[in-house]
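Undergrad: Just query_31.cif, nothing more (mmCIF, C-alpha atoms):
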```
data_data
#
loop_
_atom_site.label_atom_id
_atom_site.label_comp_id
_atom_site.auth_asym_id
_atom_site.auth_seq_id
_atom_site.Cartn_x
_atom_site.Cartn_y
_atom_site.Cartn_z
CA MET K 1 -37.65 5.79 -92.49
CA LYS K 2 -35.09 6.05 -89.66
CA TRP K 3 -34.01 9.46 -90.88
CA PHE K 4 -37.59 10.64 -91.02
CA LEU K 5 -38.25 9.51 -87.42
CA LEU K 6 -35.04 11.20 -86.26
CA PHE K 7 -36.04 14.38 -88.07
CA LEU K 8 -39.53 14.20 -86.55
CA PHE K 9 -38.05 13.73 -83.06
CA CYS K 10 -35.77 16.75 -83.50
CA LEU K 11 -38.60 18.83 -84.89
CA ILE K 12 -41.14 17.97 -82.18
CA GLY K 13 -39.36 16.22 -79.30
CA LEU K 14 -36.64 18.74 -78.50
CA PRO K 15 -38.88 21.82 -78.41
CA LEU K 16 -41.38 19.88 -76.28
CA HIS K 17 -38.62 18.94 -73.81
CA ALA K 18 -37.53 22.59 -73.66
CA GLN K 19 -41.10 23.64 -72.86
CA LEU K 20 -41.33 21.10 -70.01
CA ASP K 21 -37.96 22.29 -68.74
CA THR K 22 -39.10 25.92 -68.74
CA ALA K 23 -42.43 25.04 -67.13
CA TYR K 24 -40.68 23.32 -64.20
CA ARG K 25 -38.28 26.23 -63.66
CA ASN K 26 -41.20 28.69 -63.78
CA ARG K 27 -43.12 26.67 -61.16
CA VAL K 28 -40.08 26.66 -58.87
CA GLU K 29 -39.49 30.40 -59.34
CA ASP K 30 -43.19 31.21 -58.79
CA ALA K 31 -43.24 29.21 -55.54
CA ILE K 32 -40.06 30.95 -54.35
CA ALA K 33 -41.43 34.40 -55.21
CA ARG K 34 -44.71 33.68 -53.41
CA ILE K 35 -42.96 32.54 -50.22
CA GLU K 36 -40.38 35.37 -50.35
CA LYS K 37 -43.28 37.86 -50.14
CA SER K 38 -45.04 36.03 -47.32
CA PRO K 39 -45.12 37.54 -43.83
CA ALA K 40 -44.94 33.96 -42.49
CA ARG K 41 -41.29 33.78 -43.62
CA THR K 42 -38.68 34.47 -40.91
CA GLN K 43 -34.93 35.03 -41.31
CA HIS K 44 -32.21 33.91 -38.90
CA ILE K 45 -28.48 34.72 -39.01
CA ILE K 46 -25.51 32.90 -37.51
CA LYS K 47 -21.97 34.30 -37.71
CA GLN K 48 -19.22 31.87 -36.91
CA LYS K 49 -15.45 31.94 -37.66
CA GLY K 50 -15.74 34.44 -40.53
CA VAL K 51 -18.67 32.64 -42.14
CA THR K 52 -22.21 34.03 -42.27
CA TYR K 53 -25.00 31.49 -42.30
CA ARG K 54 -28.56 32.52 -42.98
CA TYR K 55 -31.69 30.44 -42.98
CA TRP K 56 -35.29 31.28 -43.60
CA LEU K 57 -38.22 29.38 -42.17
CA TYR K 58 -41.64 29.27 -43.75
CA LYS K 59 -44.38 27.76 -41.62
CA LYS K 60 -41.68 26.37 -39.28
CA ARG K 61 -39.87 24.54 -42.11
CA LEU K 62 -36.57 25.33 -43.77
CA PHE K 63 -37.28 27.22 -46.97
CA LYS K 64 -33.95 28.82 -47.87
CA ILE K 65 -30.41 28.37 -46.58
CA GLU K 66 -27.31 30.39 -47.36
CA LYS K 67 -23.60 30.44 -46.60
CA GLN K 68 -21.23 33.36 -47.35
CA TRP K 69 -17.51 33.65 -46.68
CA SER K 70 -14.32 35.23 -47.98
CA GLU K 71 -10.82 33.83 -48.06
CA LYS K 72 -7.40 35.13 -48.98
CA ILE K 73 -5.69 33.08 -51.65
CA PRO K 74 -2.15 33.22 -53.06
CA GLY K 75 -1.23 36.35 -55.02
CA ASN K 76 -2.91 38.71 -52.54
CA HIS K 77 -6.31 37.85 -54.04
CA ILE K 78 -9.59 37.54 -52.18
CA LEU K 79 -12.22 34.95 -53.08
CA GLU K 80 -15.80 35.69 -51.98
CA ASN K 81 -18.09 32.66 -52.02
CA LYS K 82 -21.84 32.34 -51.71
CA TYR K 83 -24.04 29.26 -51.62
CA GLN K 84 -27.81 29.66 -51.62
CA TYR K 85 -30.31 26.80 -51.65
CA TYR K 86 -34.10 26.69 -51.79
CA LEU K 87 -36.00 23.76 -50.36
CA SER K 88 -39.43 22.27 -50.85
CA ASN K 89 -40.48 19.68 -48.27
CA GLY K 90 -36.83 19.36 -47.24
CA ALA K 91 -35.60 18.59 -50.76
CA LEU K 92 -33.39 20.85 -52.86
CA THR K 93 -35.24 22.57 -55.72
CA ARG K 94 -32.96 25.48 -56.69
CA ALA K 95 -29.30 26.19 -56.00
CA TYR K 96 -27.21 29.27 -56.63
CA GLU K 97 -23.47 29.17 -56.13
CA SER K 98 -21.07 31.99 -56.91
CA ALA K 99 -17.42 32.90 -56.59
CA LEU K 100 -16.08 36.42 -56.95
CA LEU K 101 -12.31 36.76 -57.28
CA LEU K 102 -10.99 40.19 -56.30
CA VAL K 103 -7.61 40.51 -58.03
CA ASN K 104 -5.19 42.01 -55.50
CA GLY K 105 -8.22 42.64 -53.28
CA ASN K 106 -9.46 45.28 -55.74
CA ARG K 107 -13.22 45.53 -56.34
CA ASP K 108 -12.54 47.17 -59.71
CA ASP K 109 -10.72 44.09 -61.04
CA VAL K 110 -12.89 41.01 -60.56
CA HIS K 111 -13.53 37.61 -62.09
CA VAL K 112 -17.02 36.24 -61.58
CA TRP K 113 -18.44 32.74 -61.78
CA SER K 114 -21.96 31.67 -60.87
CA ALA K 115 -24.23 28.74 -61.47
CA THR K 116 -27.96 28.39 -60.98
CA SER K 117 -29.24 24.85 -60.99
CA TYR K 118 -32.64 23.29 -60.56
CA PHE K 119 -33.14 19.90 -58.95
CA LYS K 120 -35.98 17.44 -59.12
CA ALA K 121 -35.96 14.32 -56.90
CA ASP K 122 -32.29 14.87 -55.98
CA ARG K 123 -31.26 14.94 -59.64
CA LEU K 124 -29.92 17.88 -61.60
CA PHE K 125 -32.72 19.03 -63.89
CA TYR K 126 -31.31 22.23 -65.41
CA LEU K 127 -28.08 24.22 -65.17
CA ARG K 128 -27.17 27.77 -66.14
CA SER K 129 -23.55 28.80 -65.59
CA LEU K 130 -22.01 32.22 -66.19
CA GLY K 131 -18.36 33.24 -66.23
CA HIS K 132 -15.20 31.19 -66.08
CA GLY K 133 -15.11 28.76 -63.22
CA LYS K 134 -15.73 25.26 -61.93
CA THR K 135 -18.28 24.25 -64.56
CA GLU K 136 -15.67 24.56 -67.31
CA ASP K 137 -13.65 21.72 -65.77
CA GLU K 138 -14.47 18.35 -67.37
CA GLN K 139 -13.85 16.57 -64.06
CA TYR K 140 -16.23 18.79 -62.07
CA ASP K 141 -19.51 17.05 -61.24
CA ILE K 142 -21.89 19.92 -60.45
CA GLU K 143 -24.73 17.63 -59.38
CA LYS K 144 -22.58 15.72 -56.90
CA GLU K 145 -20.81 18.83 -55.53
CA THR K 146 -23.97 20.91 -55.21
CA LEU K 147 -25.84 18.14 -53.40
CA HIS K 148 -22.84 17.62 -51.10
CA HIS K 149 -22.62 21.34 -50.21
CA PHE K 150 -26.39 21.51 -49.76
CA ARG K 151 -26.58 18.46 -47.46
CA GLU K 152 -23.61 19.63 -45.42
CA LEU K 153 -25.08 23.11 -44.91
CA LYS K 154 -28.57 21.77 -44.21
CA ALA K 155 -27.22 19.33 -41.59
CA PHE K 156 -25.25 22.12 -39.88
CA LEU K 157 -28.24 24.48 -39.79
CA LEU K 158 -30.59 21.77 -38.53
CA THR K 159 -28.28 21.30 -35.52
CA GLN K 160 -28.58 25.04 -34.89
CA LEU K 161 -32.38 24.86 -34.88
CA LYS K 162 -32.46 22.51 -31.90
#
```
Show me, as structure tokens, the structure contained in the file I just sent.
TA:
Amino acid sequence: MKWFLLFLFCLIGLPLHAQLDTAYRNRVEDAIARIEKSPARTQHIIKQKGVTYRYWLYKKRLFKIEKQWSEKIPGNHILENKYQYYLSNGALTRAYESALLLVNGNRDDVHVWSATSYFKADRLFYLRSLGHGKTEDEQYDIEKETLHHFRELKAFLLTQLK
């Protein structure tokens, strides 16, 4: 009987969970696409100490925040970083983080890592990671790190809004 229930769960439960997962991501993406097209959305740019900060307001509320910077690292390499976060009612719903390593500063020889994650009630809901990077490290806690980067960037940009 236990084996039958386990089989039934795998047959019905897992595909049902995947459908709920996809439905949530689709709702988030649809809301983002709708706001991105809206004329009520405004973009603002701050450049400070080699870092470019961007934030978008929608109906006077933060909708999207972004941070981009490059840094030289040992071996004459350049690391280009980008953090991009989407908010709904002040809470994180979608995060995109990427790192592009230019070997010897050459755009023809690159290593790419990126992660797109979806959050629900400050908890990681879904993660898609591409390339070799932070998410391959067993010790790396993507939920904790992403929320930390998001909160830090949001706090900085909120001080700029005043």
Undergrad: Determine the residue set returned by the PyMOL selection byres ((chain K and resi 121-126) around 9) for the present structure, and present it as a PDB file with C-alpha atoms, keeping the file's coordinate frame.
TA:
```pdb
ATOM      1  CA  ASP K  21     -37.960  22.290 -68.740  1.00  0.00           C
ATOM      2  CA  ARG K  25     -38.280  26.230 -63.660  1.00  0.00           C
ATOM      3  CA  ALA K  91     -35.600  18.590 -50.760  1.00  0.00           C
ATOM      4  CA  LEU K  92     -33.390  20.850 -52.860  1.00  0.00           C
ATOM      5  CA  THR K  93     -35.240  22.570 -55.720  1.00  0.00           C
ATOM      6  CA  THR K 116     -27.960  28.390 -60.980  1.00  0.00           C
ATOM      7  CA  SER K 117     -29.240  24.850 -60.990  1.00  0.00           C
ATOM      8  CA  TYR K 118     -32.640  23.290 -60.560  1.00  0.00           C
ATOM      9  CA  PHE K 119     -33.140  19.900 -58.950  1.00  0.00           C
ATOM     10  CA  LYS K 120     -35.980  17.440 -59.120  1.00  0.00           C
ATOM     11  CA  LEU K 127     -28.080  24.220 -65.170  1.00  0.00           C
ATOM     12  CA  ARG K 128     -27.170  27.770 -66.140  1.00  0.00           C
ATOM     13  CA  ILE K 142     -21.890  19.920 -60.450  1.00  0.00           C
ATOM     14  CA  GLU K 143     -24.730  17.630 -59.380  1.00  0.00           C
ATOM     15  CA  LYS K 144     -22.580  15.720 -56.900  1.00  0.00           C
ATOM     16  CA  LEU K 147     -25.840  18.140 -53.400  1.00  0.00           C
TER      17      LEU K 147
END
```
Undergrad: Using all atoms listed in the file, pick whichever of K:Val103, K:Asn89, K:Lys47, K:Lys60 has the shortest atom-to-atom distance to K:Ile73.
TA: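 Of the candidates, the smallest distance to K:Ile73 is held by K:Val103.
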Undergrad: Could you jot down the atom CA of K:Glu152 to atom CA of K:Gly90 separation for me, Å, one decimal place?
TA: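 Going from atom CA of K:Glu152 over to atom CA of K:Gly90, I get 13.3 Å.
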Undergrad: Find the residues around stretch 30-42 of chain K up to 8 Å (only C-alpha atoms counted), leave out those fewer than 4 positions away in its own chain, and share them as a PyMOL selection string.
TA: chain K and resi 26+56-59+86
Undergrad: Write a file of the just-selected residues containing C-alpha atoms, as a tab-separated table (two decimals), keeping the file's coordinate frame.
TA:
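This is the output file again-v5.tsv:
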```tsv
chain	number	residue	atom	x	y	z
K	26	ASN	CA	-41.20	28.69	-63.78
K	56	TRP	CA	-35.29	31.28	-43.60
K	57	LEU	CA	-38.22	29.38	-42.17
K	58	TYR	CA	-41.64	29.27	-43.75
K	59	LYS	CA	-44.38	27.76	-41.62
K	86	TYR	CA	-34.10	26.69	-51.79
```
Undergrad: For the provided coordinates, the residues matched by the PyMOL selection byres ((chain K and resi 131-141) around 8) should be stated as a list in words.
TA: His111, Val112, Trp113, Ser114, Ser129, Leu130, Ile142, Glu143, Lys144 and Glu145 of chain K
